[in-house]
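*Asks:* run_14.csv is reproduced below (CSV, C-alpha atoms).
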```csv
chain,number,residue,atom,x,y,z
R,1,ASN,CA,18.2,-8.6,4.6
R,2,ALA,CA,19.6,-7.9,1.1
R,3,GLY,CA,18.5,-4.7,-0.5
R,4,VAL,CA,19.0,-0.9,-0.6
R,5,THR,CA,19.6,1.0,2.6
R,6,GLN,CA,19.0,4.7,2.9
R,7,THR,CA,19.9,7.0,5.7
R,8,PRO,CA,18.5,9.1,7.3
R,9,LYS,CA,14.8,8.3,7.1
R,10,PHE,CA,13.7,11.8,8.0
R,11,GLN,CA,15.5,15.1,8.0
R,12,VAL,CA,14.6,18.8,8.5
R,13,LEU,CA,16.9,21.4,7.2
R,14,LYS,CA,16.9,25.2,7.3
R,15,THR,CA,17.3,27.0,3.9
R,16,GLY,CA,20.9,27.2,3.0
R,17,GLN,CA,22.1,24.3,5.0
R,18,SER,CA,23.9,21.4,3.4
R,19,MET,CA,23.5,17.6,3.9
R,20,THR,CA,24.3,14.3,2.3
R,21,LEU,CA,21.9,11.5,1.8
R,22,GLN,CA,23.5,8.1,2.0
R,23,CYS,CA,22.6,5.0,0.0
R,24,ALA,CA,24.2,1.5,0.0
R,25,GLN,CA,23.2,-1.7,-1.8
R,26,ASP,CA,24.4,-5.3,-1.1
R,27,MET,CA,23.2,-7.0,-4.3
R,28,ASN,CA,26.4,-6.4,-6.3
R,29,HIS,CA,24.4,-4.2,-8.7
R,30,ASN,CA,26.4,-2.1,-11.2
R,31,SER,CA,23.9,0.8,-11.6
R,32,MET,CA,22.5,3.1,-8.9
R,33,TYR,CA,20.0,6.0,-9.1
R,34,TRP,CA,18.6,8.9,-7.1
R,35,TYR,CA,14.9,9.8,-7.6
R,36,ARG,CA,12.7,12.4,-5.9
R,37,GLN,CA,9.0,11.9,-5.5
R,38,ASP,CA,6.6,14.8,-5.2
R,39,PRO,CA,2.8,14.7,-5.0
R,40,GLY,CA,1.3,14.3,-8.5
R,41,MET,CA,4.7,14.3,-10.1
R,42,GLY,CA,5.6,10.6,-9.9
R,43,LEU,CA,9.3,9.7,-9.7
R,44,ARG,CA,11.8,11.9,-11.3
R,45,LEU,CA,15.4,11.0,-11.9
R,46,ILE,CA,18.0,13.3,-10.3
R,47,TYR,CA,21.3,11.5,-11.0
R,48,TYR,CA,22.4,8.0,-11.9
R,49,SER,CA,25.6,6.0,-11.9
R,50,ALA,CA,25.8,3.3,-14.6
R,51,SER,CA,28.9,1.8,-13.0
R,52,GLU,CA,31.5,2.5,-10.4
R,53,GLY,CA,33.4,5.7,-11.4
R,54,THR,CA,30.7,7.2,-13.6
R,55,THR,CA,27.8,9.6,-12.8
R,56,ASP,CA,25.3,11.3,-15.1
R,57,LYS,CA,22.6,13.9,-14.8
R,58,GLY,CA,19.0,12.8,-14.9
R,59,GLU,CA,15.8,14.9,-15.4
R,60,VAL,CA,16.1,17.2,-12.4
R,61,PRO,CA,19.8,17.6,-11.4
R,62,ASN,CA,20.0,21.3,-10.5
R,63,GLY,CA,20.9,21.9,-6.8
R,64,TYR,CA,22.3,18.4,-6.3
R,65,ASN,CA,25.6,16.6,-6.5
R,66,VAL,CA,26.4,12.9,-6.3
R,67,SER,CA,29.4,10.6,-5.5
R,68,ARG,CA,29.7,7.0,-6.4
R,69,LEU,CA,32.0,6.1,-3.5
R,70,ASN,CA,32.5,2.5,-4.5
R,71,LYS,CA,30.3,-0.2,-6.1
R,72,ARG,CA,28.0,-0.4,-3.0
R,73,GLU,CA,27.5,3.3,-2.1
R,74,PHE,CA,26.0,6.3,-3.9
R,75,SER,CA,25.5,9.5,-2.1
R,76,LEU,CA,23.4,12.6,-2.9
R,77,ARG,CA,24.5,16.0,-1.6
R,78,LEU,CA,22.5,19.2,-1.3
R,79,GLU,CA,25.0,22.0,-1.0
R,80,SER,CA,22.5,24.8,-0.1
R,81,ALA,CA,19.1,23.4,0.6
R,82,ALA,CA,16.0,25.3,-0.7
R,83,PRO,CA,12.3,24.8,0.1
R,84,SER,CA,11.8,23.5,-3.4
R,85,GLN,CA,13.9,20.5,-2.5
R,86,THR,CA,11.4,19.4,0.1
R,87,SER,CA,10.5,15.9,-1.2
R,88,VAL,CA,10.9,12.2,-0.6
R,89,TYR,CA,14.2,10.9,-2.0
R,90,PHE,CA,14.6,7.3,-3.2
R,91,CYS,CA,17.8,5.5,-4.0
R,92,ALA,CA,17.6,2.5,-6.3
R,93,SER,CA,20.0,0.0,-7.9
R,94,SER,CA,19.9,-2.4,-10.8
R,95,GLU,CA,21.8,-4.7,-13.1
R,96,VAL,CA,23.2,-2.8,-16.1
R,97,GLN,CA,20.0,-3.6,-18.1
R,98,ALA,CA,17.1,-1.5,-16.8
R,99,ASN,CA,14.7,-4.0,-18.3
R,100,TYR,CA,14.8,-6.1,-15.2
R,101,GLY,CA,13.7,-3.3,-12.9
R,102,TYR,CA,15.1,-1.4,-10.0
R,103,THR,CA,15.3,-2.3,-6.3
R,104,PHE,CA,14.4,0.8,-4.3
R,105,GLY,CA,15.3,1.8,-0.8
R,106,SER,CA,12.6,2.9,1.7
R,107,GLY,CA,13.2,6.6,1.2
R,108,THR,CA,14.4,9.8,3.0
R,109,ARG,CA,11.7,12.3,3.7
R,110,LEU,CA,13.4,15.8,3.6
R,111,THR,CA,11.8,19.0,4.7
R,112,VAL,CA,13.5,22.3,4.0
R,113,VAL,CA,12.1,25.3,6.0
W,1,GLY,CA,11.0,12.7,-24.6
W,2,GLN,CA,9.1,9.6,-23.8
W,3,GLN,CA,6.3,9.9,-21.3
W,4,LEU,CA,4.0,7.4,-19.6
W,5,ASN,CA,0.4,8.4,-18.9
W,6,GLN,CA,-1.4,6.5,-16.2
W,7,SER,CA,-5.1,6.4,-15.6
W,8,PRO,CA,-7.0,6.8,-13.5
W,9,GLN,CA,-5.0,9.1,-11.2
W,10,SER,CA,-6.9,7.7,-8.2
W,11,MET,CA,-9.5,5.1,-7.4
W,12,PHE,CA,-11.8,4.6,-4.4
W,13,ILE,CA,-13.2,1.1,-4.3
W,14,GLN,CA,-15.0,-1.3,-2.0
W,15,GLU,CA,-13.2,-4.4,-0.7
W,16,GLY,CA,-13.9,-7.3,-3.0
W,17,GLU,CA,-14.2,-5.3,-6.1
W,18,ASP,CA,-12.0,-5.8,-9.2
W,19,VAL,CA,-9.7,-3.0,-10.3
W,20,SER,CA,-8.3,-2.0,-13.7
W,21,MET,CA,-5.7,0.6,-14.5
W,22,ASN,CA,-3.7,1.4,-17.6
W,23,CYS,CA,-0.6,3.0,-18.8
W,24,THR,CA,-0.1,4.5,-22.3
W,25,SER,CA,2.7,6.1,-24.3
W,26,SER,CA,3.1,7.9,-27.6
W,27,SER,CA,6.2,5.8,-28.3
W,28,ILE,CA,6.9,2.1,-28.4
W,29,PHE,CA,8.2,0.3,-25.3
W,30,ASN,CA,9.9,-3.1,-25.3
W,31,THR,CA,9.5,-3.7,-21.6
W,32,TRP,CA,6.7,-2.8,-19.2
W,33,LEU,CA,7.1,-2.9,-15.5
W,34,TRP,CA,4.5,-2.5,-12.8
W,35,TYR,CA,5.4,-1.4,-9.3
W,36,LYS,CA,3.5,-0.9,-6.1
W,37,GLN,CA,4.4,1.6,-3.4
W,38,ASP,CA,3.0,1.0,0.1
W,39,PRO,CA,2.5,4.2,2.2
W,40,GLY,CA,5.9,5.3,3.6
W,41,GLU,CA,7.9,2.8,1.6
W,42,GLY,CA,9.8,2.6,-1.7
W,43,PRO,CA,8.2,1.0,-4.8
W,44,VAL,CA,8.4,-2.7,-5.2
W,45,LEU,CA,8.4,-4.6,-8.5
W,46,LEU,CA,5.1,-6.6,-9.0
W,47,ILE,CA,5.2,-7.7,-12.6
W,48,ALA,CA,7.6,-7.5,-15.6
W,49,LEU,CA,6.4,-7.9,-19.2
W,50,TYR,CA,8.8,-8.4,-22.1
W,51,LYS,CA,6.7,-9.4,-25.2
W,52,ALA,CA,3.8,-7.8,-27.0
W,53,GLY,CA,0.6,-9.5,-26.1
W,54,GLU,CA,2.1,-11.1,-23.0
W,55,LEU,CA,-0.3,-11.7,-20.1
W,56,THR,CA,1.4,-12.4,-16.7
W,57,SER,CA,-0.1,-13.0,-13.3
W,58,ASN,CA,1.2,-12.6,-9.8
W,59,GLY,CA,-1.5,-13.9,-7.4
W,60,ARG,CA,-4.6,-11.7,-7.8
W,61,LEU,CA,-2.7,-9.3,-10.1
W,62,THR,CA,-2.7,-9.7,-13.8
W,63,ALA,CA,-0.8,-7.4,-16.3
W,64,GLN,CA,-0.8,-7.3,-20.0
W,65,PHE,CA,1.6,-6.0,-22.6
W,66,GLY,CA,-0.5,-4.2,-25.2
W,67,ILE,CA,-0.2,-5.5,-28.8
W,68,THR,CA,0.7,-2.0,-30.1
W,69,ARG,CA,3.6,-1.9,-27.6
W,70,LYS,CA,2.3,1.5,-26.6
W,71,ASP,CA,0.2,0.5,-23.6
W,72,SER,CA,-0.1,-1.9,-20.7
W,73,PHE,CA,-2.8,-2.8,-18.3
W,74,LEU,CA,-2.9,-4.0,-14.6
W,75,ASN,CA,-5.9,-5.7,-13.1
W,76,ILE,CA,-6.4,-6.6,-9.5
W,77,SER,CA,-9.1,-9.1,-8.7
W,78,ALA,CA,-11.1,-9.2,-5.4
W,79,SER,CA,-9.3,-6.3,-3.8
W,80,ILE,CA,-8.4,-6.4,-0.1
W,81,PRO,CA,-7.3,-3.5,2.2
W,82,SER,CA,-3.6,-4.3,1.8
W,83,ASP,CA,-3.9,-3.5,-1.9
W,84,VAL,CA,-3.9,0.2,-0.8
W,85,GLY,CA,-1.0,2.2,-2.3
W,86,ILE,CA,0.3,3.8,-5.5
W,87,TYR,CA,0.7,1.7,-8.6
W,88,PHE,CA,3.4,2.8,-11.1
W,89,CYS,CA,4.1,1.7,-14.6
W,90,ALA,CA,7.6,2.0,-15.9
W,91,GLY,CA,9.6,1.3,-19.0
W,92,PRO,CA,13.2,1.8,-20.2
W,93,ASN,CA,13.8,5.2,-21.8
W,94,TYR,CA,16.0,4.4,-24.7
W,95,GLY,CA,16.4,8.0,-25.4
W,96,GLY,CA,18.8,8.0,-22.5
W,97,SER,CA,22.4,6.8,-22.6
W,98,GLN,CA,21.6,3.4,-21.0
W,99,GLY,CA,17.9,3.0,-21.1
W,100,ASN,CA,17.0,4.3,-17.6
W,101,LEU,CA,13.5,3.6,-16.4
W,102,ILE,CA,10.9,6.3,-16.7
W,103,PHE,CA,7.8,6.1,-14.5
W,104,GLY,CA,4.2,7.1,-14.9
W,105,LYS,CA,2.8,9.4,-12.3
W,106,GLY,CA,0.9,6.6,-10.6
W,107,THR,CA,-2.6,5.4,-9.8
W,108,LYS,CA,-3.5,5.8,-6.1
W,109,LEU,CA,-5.7,3.1,-4.9
W,110,SER,CA,-7.9,3.3,-1.8
W,111,VAL,CA,-9.9,0.3,-0.6
W,112,LYS,CA,-12.8,0.7,1.8
W,113,PRO,CA,-13.3,-2.3,4.1
```
Please rewrite the model in this file as structure tokens.

*Replies:*
Amino acid sequence: NAGVTQTPKFQVLKTGQSMTLQCAQDMNHNSMYWYRQDPGMGLRLIYYSASEGTTDKGEVPNGYNVSRLNKREFSLRLESAAPSQTSVYFCASSEVQANYGYTFGSGTRLTVV
Amino acid sequence: GQQLNQSPQSMFIQEGEDVSMNCTSSSIFNTWLWYKQDPGEGPVLLIALYKAGELTSNGRLTAQFGITRKDSFLNISASIPSDVGIYFCAGPNYGGSQGNLIFGKGTKLSVKP
């Protein structure tokens, strides 16, 4: 099915470990995004990529890095995981104009102990 | 920066009841989007509004773009158990470099059979 695919769905890390969250879309969208969702906080933008080859910080970028590998793939890396990064992470994609909305993946639930 | 305030934060209703929720902002929006997030899934776009005063329906859901451009409303008629989830409003943040979407913190809906 067309859409946004995220892997893994669940992950438990120890403090200080690193990992990369993967995201791929097959809708030929130009823009891709990483959000985190915490209880009572809604969806907060971590990083986004307006087009292949560009990335920009969002609202909460500290502790994260991203790579736009090609038009389809946008990965999020935690270099040294902290308990404060326990969250549900969503990748999304869109046409250049945000007015038409984003298509979200099903999320990665990350726990840092 | 721009913020979206959703109310109520949560609702507990009986199956068959109608539901109303709203989203307000201190600044003008040119687009209002309503998303639903099922438990354990990513948000899915329900309705998009592009014109002040616009009223748009999607099955039992009806959303309105407020005339002031600073608010939007979502109504669900004759609620059923599968309406359970979190409802988010969103709009393009033109303070950003490309108008990324910003999201309200959501209204959590619980439906009692």

*Asks:* Could you tell me, as a PyMOL selection string, which residues have any atom at most 10 Å from (-8.4, -8.5, -10.3), counting all atoms listed in the file?

*Replies:* chain W and resi 16-20+57+59-63+74-79

*Asks:* Just need the residues of chain R within 8 Å of chain W, counting all atoms listed in the file, so spit them out as a ChimeraX atom specification.

*Replies:* /R:40-44,50,90,97-107

*Asks:* To one decimal in Å, tell me the separation between atom CA of W:Ser110 and atom CA of W:Asp71.

*Replies:*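 Straight-line distance from atom CA of W:Ser110 to atom CA of W:Asp71 works out to 23.4 Å.
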
*Asks:* If you measure from atom CA of R:Tyr33 to atom CA of R:Ser94, what distance in Å do you get, rounded to one decimal?

*Replies:*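 About the pair atom CA of R:Tyr33 and atom CA of R:Ser94: they are 8.6 Å apart.
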
*Asks:* What's around R:Gln85 at 9 Å? Count all atoms listed in the file, leave out sequence neighbours fewer than 5 positions away in its own chain, and write the answer as an MDAnalysis selection string.

*Replies:* chainID R and resid 36 63 78 110:112

*Asks:* Determine the nearest neighbour of W:Ile67 from the options W:Ala52, W:Ile13, W:Lys36, W:Thr24, counting only C-alpha atoms.

*Replies:*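 Residue with the minimum atom-to-atom distance to W:Ile67: W:Ala52.
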
*Asks:* Could you check how far atom CA of R:Met27 sits from atom CA of W:Leu46, in Å to one decimal?

*Replies:*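 The value is 18.7 Å.
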
*Asks:* Quick one: of R:Trp34, R:Ser75, R:Lys14, R:Ala92, who's nearest to R:Val60, counting only C-alpha atoms?

*Replies:* R:Trp34

*Asks:* For R:Gly58, please output as number ranges by chain all residues within 8 Å (counting all atoms listed in the file; exclusion window: fewer than 6 positions along the same chain).

*Replies:* R: 45-48

*Asks:* With only C-alpha atoms as the atoms that count, which of R:Asn65, R:Ser93, R:Thr108, R:Ser18 lies nearest to R:Gly3?

*Replies:*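 With only C-alpha atoms as the atom set, the closest residue is R:Ser93.
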
*Asks:* In the coordinates of the file, take the point (25.7, -1.9, 0.6) and a cut-off of 10 Å; then, counting only C-alpha atoms, name each qualifying protein, DNA or RNA residue as number ranges by chain.

*Replies:* R: 2-6, 23-29, 70-74

*Asks:* Give the answer as one residue: which of R:Cys91, R:Ala82, R:Val113, R:Leu76 has the shortest atom-to-atom distance to R:Pro61, using only C-alpha atoms?

*Replies:*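 Looking at the shortest contact to R:Pro61, the residue is R:Leu76.
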
*Asks:* Would you mind listing what lies within 9 Å of W:Ile80 as a VMD selection string, with only C-alpha atoms counted and same-chain residues fewer than 2 positions away left out?

*Replies:* chain W and resid 14 to 17 78 82 to 84 111 to 113

*Asks:* Generate a file of the selected residues that holds C-alpha atoms, formatted as a compact mmCIF listing (two decimals), in the frame of the given file.

*Replies:*
```
# COMPACT_ATOMS: atom_id res chain seq x y z
CA GLN W 14 -15.00 -1.30 -2.00
CA GLU W 15 -13.20 -4.40 -0.70
CA GLY W 16 -13.90 -7.30 -3.00
CA GLU W 17 -14.20 -5.30 -6.10
CA ALA W 78 -11.10 -9.20 -5.40
CA SER W 82 -3.60 -4.30 1.80
CA ASP W 83 -3.90 -3.50 -1.90
CA VAL W 84 -3.90 0.20 -0.80
CA VAL W 111 -9.90 0.30 -0.60
CA LYS W 112 -12.80 0.70 1.80
CA PRO W 113 -13.30 -2.30 4.10
```

*Asks:* Point out the residue among R:Thr15, R:Ser84, R:Ser51, R:Gln37 with the least atom-to-atom distance to R:Ser67, counting all atoms listed in the file.

*Replies:*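 Checking each of R:Thr15, R:Ser84, R:Ser51, R:Gln37 against R:Ser67, counting all atoms listed in the file, the winner is R:Ser51.
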
*Asks:* Would you mind writing stretch 43-54 of chain W with all heavy atoms, as a PDB file, in the frame of the given file?

*Replies:*
```pdb
ATOM      1  N   PRO W  43       8.946   1.908  -3.886  1.00  0.00           N
ATOM      2  CA  PRO W  43       8.200   1.000  -4.800  1.00  0.00           C
ATOM      3  C   PRO W  43       8.836  -0.361  -4.870  1.00  0.00           C
ATOM      4  O   PRO W  43      10.053  -0.524  -4.760  1.00  0.00           O
ATOM      5  CB  PRO W  43       8.399   1.757  -6.165  1.00  0.00           C
ATOM      6  CG  PRO W  43       8.710   3.181  -5.808  1.00  0.00           C
ATOM      7  CD  PRO W  43       9.497   3.094  -4.541  1.00  0.00           C
ATOM      8  N   VAL W  44       7.970  -1.344  -5.068  1.00  0.00           N
ATOM      9  CA  VAL W  44       8.400  -2.700  -5.200  1.00  0.00           C
ATOM     10  C   VAL W  44       7.878  -3.300  -6.494  1.00  0.00           C
ATOM     11  O   VAL W  44       6.711  -3.098  -6.842  1.00  0.00           O
ATOM     12  CB  VAL W  44       7.838  -3.562  -3.993  1.00  0.00           C
ATOM     13  CG1 VAL W  44       8.143  -5.043  -4.192  1.00  0.00           C
ATOM     14  CG2 VAL W  44       8.425  -3.067  -2.679  1.00  0.00           C
ATOM     15  N   LEU W  45       8.740  -4.001  -7.206  1.00  0.00           N
ATOM     16  CA  LEU W  45       8.400  -4.600  -8.500  1.00  0.00           C
ATOM     17  C   LEU W  45       7.317  -5.674  -8.331  1.00  0.00           C
ATOM     18  O   LEU W  45       7.515  -6.601  -7.549  1.00  0.00           O
ATOM     19  CB  LEU W  45       9.586  -5.105  -9.225  1.00  0.00           C
ATOM     20  CG  LEU W  45       9.359  -5.654 -10.624  1.00  0.00           C
ATOM     21  CD1 LEU W  45       8.910  -4.552 -11.577  1.00  0.00           C
ATOM     22  CD2 LEU W  45      10.627  -6.324 -11.153  1.00  0.00           C
ATOM     23  N   LEU W  46       6.207  -5.553  -9.090  1.00  0.00           N
ATOM     24  CA  LEU W  46       5.100  -6.600  -9.000  1.00  0.00           C
ATOM     25  C   LEU W  46       5.242  -7.521 -10.220  1.00  0.00           C
ATOM     26  O   LEU W  46       5.207  -8.737 -10.049  1.00  0.00           O
ATOM     27  CB  LEU W  46       3.775  -5.868  -9.091  1.00  0.00           C
ATOM     28  CG  LEU W  46       3.386  -4.963  -7.945  1.00  0.00           C
ATOM     29  CD1 LEU W  46       2.061  -4.269  -8.279  1.00  0.00           C
ATOM     30  CD2 LEU W  46       3.272  -5.742  -6.652  1.00  0.00           C
ATOM     31  N   ILE W  47       5.284  -6.944 -11.418  1.00  0.00           N
ATOM     32  CA  ILE W  47       5.200  -7.700 -12.600  1.00  0.00           C
ATOM     33  C   ILE W  47       6.093  -7.099 -13.696  1.00  0.00           C
ATOM     34  O   ILE W  47       6.108  -5.877 -13.825  1.00  0.00           O
ATOM     35  CB  ILE W  47       3.766  -7.864 -13.149  1.00  0.00           C
ATOM     36  CG1 ILE W  47       2.907  -8.663 -12.165  1.00  0.00           C
ATOM     37  CG2 ILE W  47       3.724  -8.509 -14.536  1.00  0.00           C
ATOM     38  CD1 ILE W  47       1.435  -8.761 -12.567  1.00  0.00           C
ATOM     39  N   ALA W  48       6.774  -7.930 -14.477  1.00  0.00           N
ATOM     40  CA  ALA W  48       7.600  -7.500 -15.600  1.00  0.00           C
ATOM     41  C   ALA W  48       7.055  -8.137 -16.882  1.00  0.00           C
ATOM     42  O   ALA W  48       6.765  -9.336 -16.880  1.00  0.00           O
ATOM     43  CB  ALA W  48       9.043  -7.792 -15.408  1.00  0.00           C
ATOM     44  N   LEU W  49       6.931  -7.368 -17.960  1.00  0.00           N
ATOM     45  CA  LEU W  49       6.400  -7.900 -19.200  1.00  0.00           C
ATOM     46  C   LEU W  49       7.425  -7.551 -20.320  1.00  0.00           C
ATOM     47  O   LEU W  49       7.900  -6.416 -20.434  1.00  0.00           O
ATOM     48  CB  LEU W  49       5.083  -7.175 -19.567  1.00  0.00           C
ATOM     49  CG  LEU W  49       3.972  -7.347 -18.536  1.00  0.00           C
ATOM     50  CD1 LEU W  49       2.900  -6.273 -18.729  1.00  0.00           C
ATOM     51  CD2 LEU W  49       3.345  -8.729 -18.660  1.00  0.00           C
ATOM     52  N   TYR W  50       7.728  -8.550 -21.167  1.00  0.00           N
ATOM     53  CA  TYR W  50       8.800  -8.400 -22.100  1.00  0.00           C
ATOM     54  C   TYR W  50       8.388  -8.639 -23.587  1.00  0.00           C
ATOM     55  O   TYR W  50       9.209  -8.491 -24.504  1.00  0.00           O
ATOM     56  CB  TYR W  50       9.977  -9.289 -21.788  1.00  0.00           C
ATOM     57  CG  TYR W  50      10.572  -8.989 -20.438  1.00  0.00           C
ATOM     58  CD1 TYR W  50      10.393  -9.862 -19.370  1.00  0.00           C
ATOM     59  CD2 TYR W  50      11.302  -7.833 -20.223  1.00  0.00           C
ATOM     60  CE1 TYR W  50      10.934  -9.587 -18.124  1.00  0.00           C
ATOM     61  CE2 TYR W  50      11.850  -7.544 -18.974  1.00  0.00           C
ATOM     62  CZ  TYR W  50      11.658  -8.426 -17.940  1.00  0.00           C
ATOM     63  OH  TYR W  50      12.194  -8.146 -16.705  1.00  0.00           O
ATOM     64  N   LYS W  51       7.122  -9.030 -23.806  1.00  0.00           N
ATOM     65  CA  LYS W  51       6.700  -9.400 -25.200  1.00  0.00           C
ATOM     66  C   LYS W  51       5.323  -8.884 -25.437  1.00  0.00           C
ATOM     67  O   LYS W  51       4.412  -9.030 -24.599  1.00  0.00           O
ATOM     68  CB  LYS W  51       6.732 -10.926 -25.249  1.00  0.00           C
ATOM     69  CG  LYS W  51       6.510 -11.482 -26.635  1.00  0.00           C
ATOM     70  CD  LYS W  51       6.638 -12.997 -26.607  1.00  0.00           C
ATOM     71  CE  LYS W  51       6.358 -13.601 -27.959  1.00  0.00           C
ATOM     72  NZ  LYS W  51       6.465 -15.075 -27.946  1.00  0.00           N
ATOM     73  N   ALA W  52       5.131  -8.280 -26.616  1.00  0.00           N
ATOM     74  CA  ALA W  52       3.800  -7.800 -27.000  1.00  0.00           C
ATOM     75  C   ALA W  52       2.776  -8.854 -26.900  1.00  0.00           C
ATOM     76  O   ALA W  52       2.985  -9.969 -27.397  1.00  0.00           O
ATOM     77  CB  ALA W  52       3.875  -7.176 -28.397  1.00  0.00           C
ATOM     78  N   GLY W  53       1.629  -8.528 -26.267  1.00  0.00           N
ATOM     79  CA  GLY W  53       0.600  -9.500 -26.100  1.00  0.00           C
ATOM     80  C   GLY W  53       0.701 -10.365 -24.851  1.00  0.00           C
ATOM     81  O   GLY W  53      -0.239 -11.066 -24.464  1.00  0.00           O
ATOM     82  N   GLU W  54       1.837 -10.296 -24.198  1.00  0.00           N
ATOM     83  CA  GLU W  54       2.100 -11.100 -23.000  1.00  0.00           C
ATOM     84  C   GLU W  54       1.108 -10.808 -21.899  1.00  0.00           C
ATOM     85  O   GLU W  54       0.796  -9.658 -21.649  1.00  0.00           O
ATOM     86  CB  GLU W  54       3.530 -10.913 -22.550  1.00  0.00           C
ATOM     87  CG  GLU W  54       3.945 -11.725 -21.346  1.00  0.00           C
ATOM     88  CD  GLU W  54       5.391 -11.438 -20.940  1.00  0.00           C
ATOM     89  OE1 GLU W  54       6.071 -10.671 -21.647  1.00  0.00           O
ATOM     90  OE2 GLU W  54       5.827 -11.966 -19.904  1.00  0.00           O
TER      91      GLU W  54
END
```
